[in-house]
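Structure first, then comments.
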Amino acid sequence: MRDDRAQPDRQRTRRLRRALVCAAAVPAVLITAACSSDSGDSKPKSDGASATKPATDSATPSTGSSPTVAPAAYKTLPNPCKALSEKTLGDMVPKADTSGKKGSSDDPSSRSSCSWSSLSNNGVKGSQFRWLNVSLLRFDSDTARGSAETQAHAYFTNQVKDAQSVGGAKNAKVVPVSGAGDEATSVRYDLSKKEGLFKQETIVARVENVVVTLDFNGAGLAGDKTPDAEDLAKSAEKALKEAVASVSSANGGSGSGSSSQGSSAKPSGSASPSASAKKS
């Protein structure tokens, strides 16, 4: 009977122990649930102030200024028929009218030219023919084409190339010329025509934004002797320097008409004259 009574007591004891274990488990569950709830609420909330704050730290592009180019050094051109002295004309084209013949498409502000021709009759020995031409082309600065000096440099380069590509030219020689503006080059060659053998001298010079091209040729006709190429070259160089100096004089002596060769201007491709300027 003691065993029969002890069995119900053991059963009650076990039930009580299980109840105590369950009771102890409830707070742990509640604590876990509470922690889970706090974890959900701890998500970062957006800061209203910072969300609406303008992005003042980001750089804002400044308003860019319009591109500019250096202004043209020379604003006008000299009278091409007065660019050479009467003495120089007398030596180079002795029988010519010193007043010269102006180009038909001259525009005093941007382009001009003048030519002289001479025929000295030596009787039965034949005749000496001379022809001289001076052309001037001035460039203006332009934001699309670049500075006037850069355009003039590119045109100068093209003029020298053109002088070297004359059809039928023989014994061509290209040499730099010093003391004539910012840069100058001489191109000389022989050219056979039906009238005789012509000695041609073309000198191209750039002084600031103006390009001066001087053409001088001569021939012995009807049996007269062919002129000496070196003599023609010396006369042409002297005349070119006078023409370059006349550009500076026409602009009040400003600019670098007598500057040394080798300007800082760079070619910008194929240059074109200002709106009214075209190749003479």
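Identifiers in this document derive from the order of the structure tokens: chains are assigned A, B, ..., residues are numbered from 1 separately in each chain, and ligands are numbered from 1 in order of occurrence.
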
I'd like the neighbourhood of Thr202 of chain A as an MDAnalysis selection string, where a residue qualifies if any of its atoms comes within 9 Å (using only C-alpha atoms), though same-chain residues fewer than 6 positions away should be ignored. chainID A and resid 160 163 185:189 213:217 233 236

Running DSSP on the backbone, which parts of segment 52-242 of chain A land in strand (DSSP E), as a VMD selection string? chain A and resid 101 to 102 111 to 121 127 to 138 170 to 176 183 to 193 196 to 207 210 to 221

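Between Leu240 of chain A and the candidates A:Lys87, A:Arg145, A:Lys225, A:Arg206, the tightest atom-to-atom separation, counting only C-alpha atoms, involves A:Arg206.
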
Residue nearest Ala180 of chain A among A:Ala83, A:Ala154, A:Val93, A:Val204 (counting only C-alpha atoms):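 The closest residue to Ala180 of chain A is A:Val204.
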
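Using only C-alpha atoms, the contacts of Val177 of chain A at a cut-off of 9 Å, with sequence neighbours closer than 5 positions omitted, comprise Glu183, Ala184, Thr185, Ser186, Ile203, Ala205, Glu237 and Gln261 of chain A.
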
For the residues in the current selection, export all heavy atoms as a compact mmCIF listing (two decimals), in the first residue's frame.
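Result went into again_9.txt, see below:
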# COMPACT_ATOMS: atom_id res chain seq x y z
N GLU A 183 59.18 85.75 -91.05
CA GLU A 183 59.68 84.58 -91.77
C GLU A 183 59.60 84.87 -93.26
O GLU A 183 58.68 85.54 -93.74
CB GLU A 183 58.87 83.31 -91.43
CG GLU A 183 57.37 83.49 -91.53
CD GLU A 183 56.60 82.29 -90.98
OE1 GLU A 183 57.18 81.19 -90.91
OE2 GLU A 183 55.42 82.46 -90.62
N ALA A 184 60.57 84.37 -94.00
CA ALA A 184 60.62 84.62 -95.44
C ALA A 184 61.37 83.49 -96.13
O ALA A 184 62.34 82.95 -95.59
CB ALA A 184 61.30 85.96 -95.74
N THR A 185 60.91 83.12 -97.31
CA THR A 185 61.52 82.04 -98.09
C THR A 185 61.57 82.43 -99.56
O THR A 185 60.62 82.99 -100.10
CB THR A 185 60.71 80.73 -97.94
OG1 THR A 185 60.68 80.36 -96.56
CG2 THR A 185 61.34 79.60 -98.74
N SER A 186 62.70 82.11 -100.19
CA SER A 186 62.88 82.39 -101.61
C SER A 186 62.80 81.09 -102.41
O SER A 186 63.38 80.07 -102.02
CB SER A 186 64.24 83.05 -101.83
OG SER A 186 64.56 83.09 -103.21
N ILE A 203 59.66 85.38 -103.78
CA ILE A 203 59.97 85.45 -102.36
C ILE A 203 58.67 85.73 -101.60
O ILE A 203 57.94 86.66 -101.93
CB ILE A 203 61.00 86.55 -102.03
CG1 ILE A 203 62.23 86.42 -102.91
CG2 ILE A 203 61.41 86.45 -100.56
CD1 ILE A 203 63.30 87.44 -102.61
N ALA A 205 57.08 86.44 -97.78
CA ALA A 205 57.44 86.86 -96.42
C ALA A 205 56.17 87.10 -95.62
O ALA A 205 55.13 87.49 -96.16
CB ALA A 205 58.29 88.13 -96.45
N GLU A 237 65.40 90.30 -103.14
CA GLU A 237 65.45 90.34 -101.67
C GLU A 237 65.44 91.79 -101.17
O GLU A 237 64.78 92.12 -100.18
CB GLU A 237 66.70 89.62 -101.17
CG GLU A 237 66.61 88.10 -101.29
CD GLU A 237 67.79 87.40 -100.64
OE1 GLU A 237 68.47 88.04 -99.80
OE2 GLU A 237 68.03 86.23 -100.97
N GLN A 261 63.64 86.13 -88.03
CA GLN A 261 62.87 85.03 -88.61
C GLN A 261 62.56 84.01 -87.54
O GLN A 261 63.28 83.82 -86.60
CB GLN A 261 63.70 84.37 -89.73
CG GLN A 261 62.93 83.31 -90.48
CD GLN A 261 63.77 82.77 -91.62
OE1 GLN A 261 64.78 83.36 -91.94
NE2 GLN A 261 63.34 81.70 -92.22

Apply DSSP to the backbone of this structure and, from segment 206-257 of chain A, keep only the residues in helix (DSSP H, G or I); write these as a ChimeraX atom specification. /A:229-250

Those residues you just picked out, can you put them in a file as a PDB file, in the first residue's frame with C-alpha atoms?
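File produced: again_25.pdb:
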ATOM      1  CA  ALA A 229      69.927  84.208-111.357  1.00  0.00           C
ATOM      2  CA  GLU A 230      72.018  85.460-108.418  1.00  0.00           C
ATOM      3  CA  ASP A 231      71.679  89.066-109.556  1.00  0.00           C
ATOM      4  CA  LEU A 232      67.919  88.691-109.813  1.00  0.00           C
ATOM      5  CA  ALA A 233      67.795  87.098-106.354  1.00  0.00           C
ATOM      6  CA  LYS A 234      69.728  89.951-104.720  1.00  0.00           C
ATOM      7  CA  SER A 235      67.497  92.576-106.320  1.00  0.00           C
ATOM      8  CA  ALA A 236      64.354  90.675-105.317  1.00  0.00           C
ATOM      9  CA  GLU A 237      65.454  90.344-101.673  1.00  0.00           C
ATOM     10  CA  LYS A 238      66.196  94.053-101.466  1.00  0.00           C
ATOM     11  CA  ALA A 239      62.787  94.916-102.912  1.00  0.00           C
ATOM     12  CA  LEU A 240      61.029  92.488-100.576  1.00  0.00           C
ATOM     13  CA  LYS A 241      62.535  94.125 -97.500  1.00  0.00           C
ATOM     14  CA  GLU A 242      61.312  97.496 -98.733  1.00  0.00           C
ATOM     15  CA  ALA A 243      57.809  96.100 -99.209  1.00  0.00           C
ATOM     16  CA  VAL A 244      57.839  94.578 -95.716  1.00  0.00           C
ATOM     17  CA  ALA A 245      58.978  97.893 -94.220  1.00  0.00           C
ATOM     18  CA  SER A 246      56.166  99.696 -96.046  1.00  0.00           C
ATOM     19  CA  VAL A 247      53.616  97.557 -94.177  1.00  0.00           C
ATOM     20  CA  SER A 248      54.946  98.746 -90.835  1.00  0.00           C
ATOM     21  CA  SER A 249      55.092 102.360 -92.046  1.00  0.00           C
ATOM     22  CA  ALA A 250      51.476 102.257 -93.225  1.00  0.00           C
TER      23      ALA A 250
END

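Distance annotation: of A:Glu208, A:Asp190, A:Asp162, A:Glu201, the residue with the minimal separation from Asn133 of chain A is A:Glu201; atom set is only C-alpha atoms.
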
In terms of the shortest atom-to-atom distance over only C-alpha atoms, which of A:Ser105, A:Thr226, A:Asn79, A:Ser118 is closest to Leu191 of chain A?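 Ranking A:Ser105, A:Thr226, A:Asn79, A:Ser118 by distance to Leu191 of chain A, first place goes to A:Thr226.
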
Atom CA of Thr157 of chain A to atom CA of Gly218 of chain A, straight-line distance in Å: 25.1 Å

Can you pull out the residues contacting segment 69-71 of chain A? Cut-off 7 Å, using only C-alpha atoms, and skip same-chain residues under 6 positions away; I want them as a ChimeraX atom specification. /A:141-143,146-147

Which residues are close to Val124 of chain A, i.e. within 10 Å by only C-alpha atoms, leaving aside same-chain residues fewer than 4 positions away? Reply as a ChimeraX atom specification. /A:222-224

Between atom CA of Gly220 of chain A and atom CA of Ser99 of chain A, measure the distance and give it in Å to one decimal.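 Computed distance, atom CA of Gly220 of chain A to atom CA of Ser99 of chain A, equals 24.4 Å.
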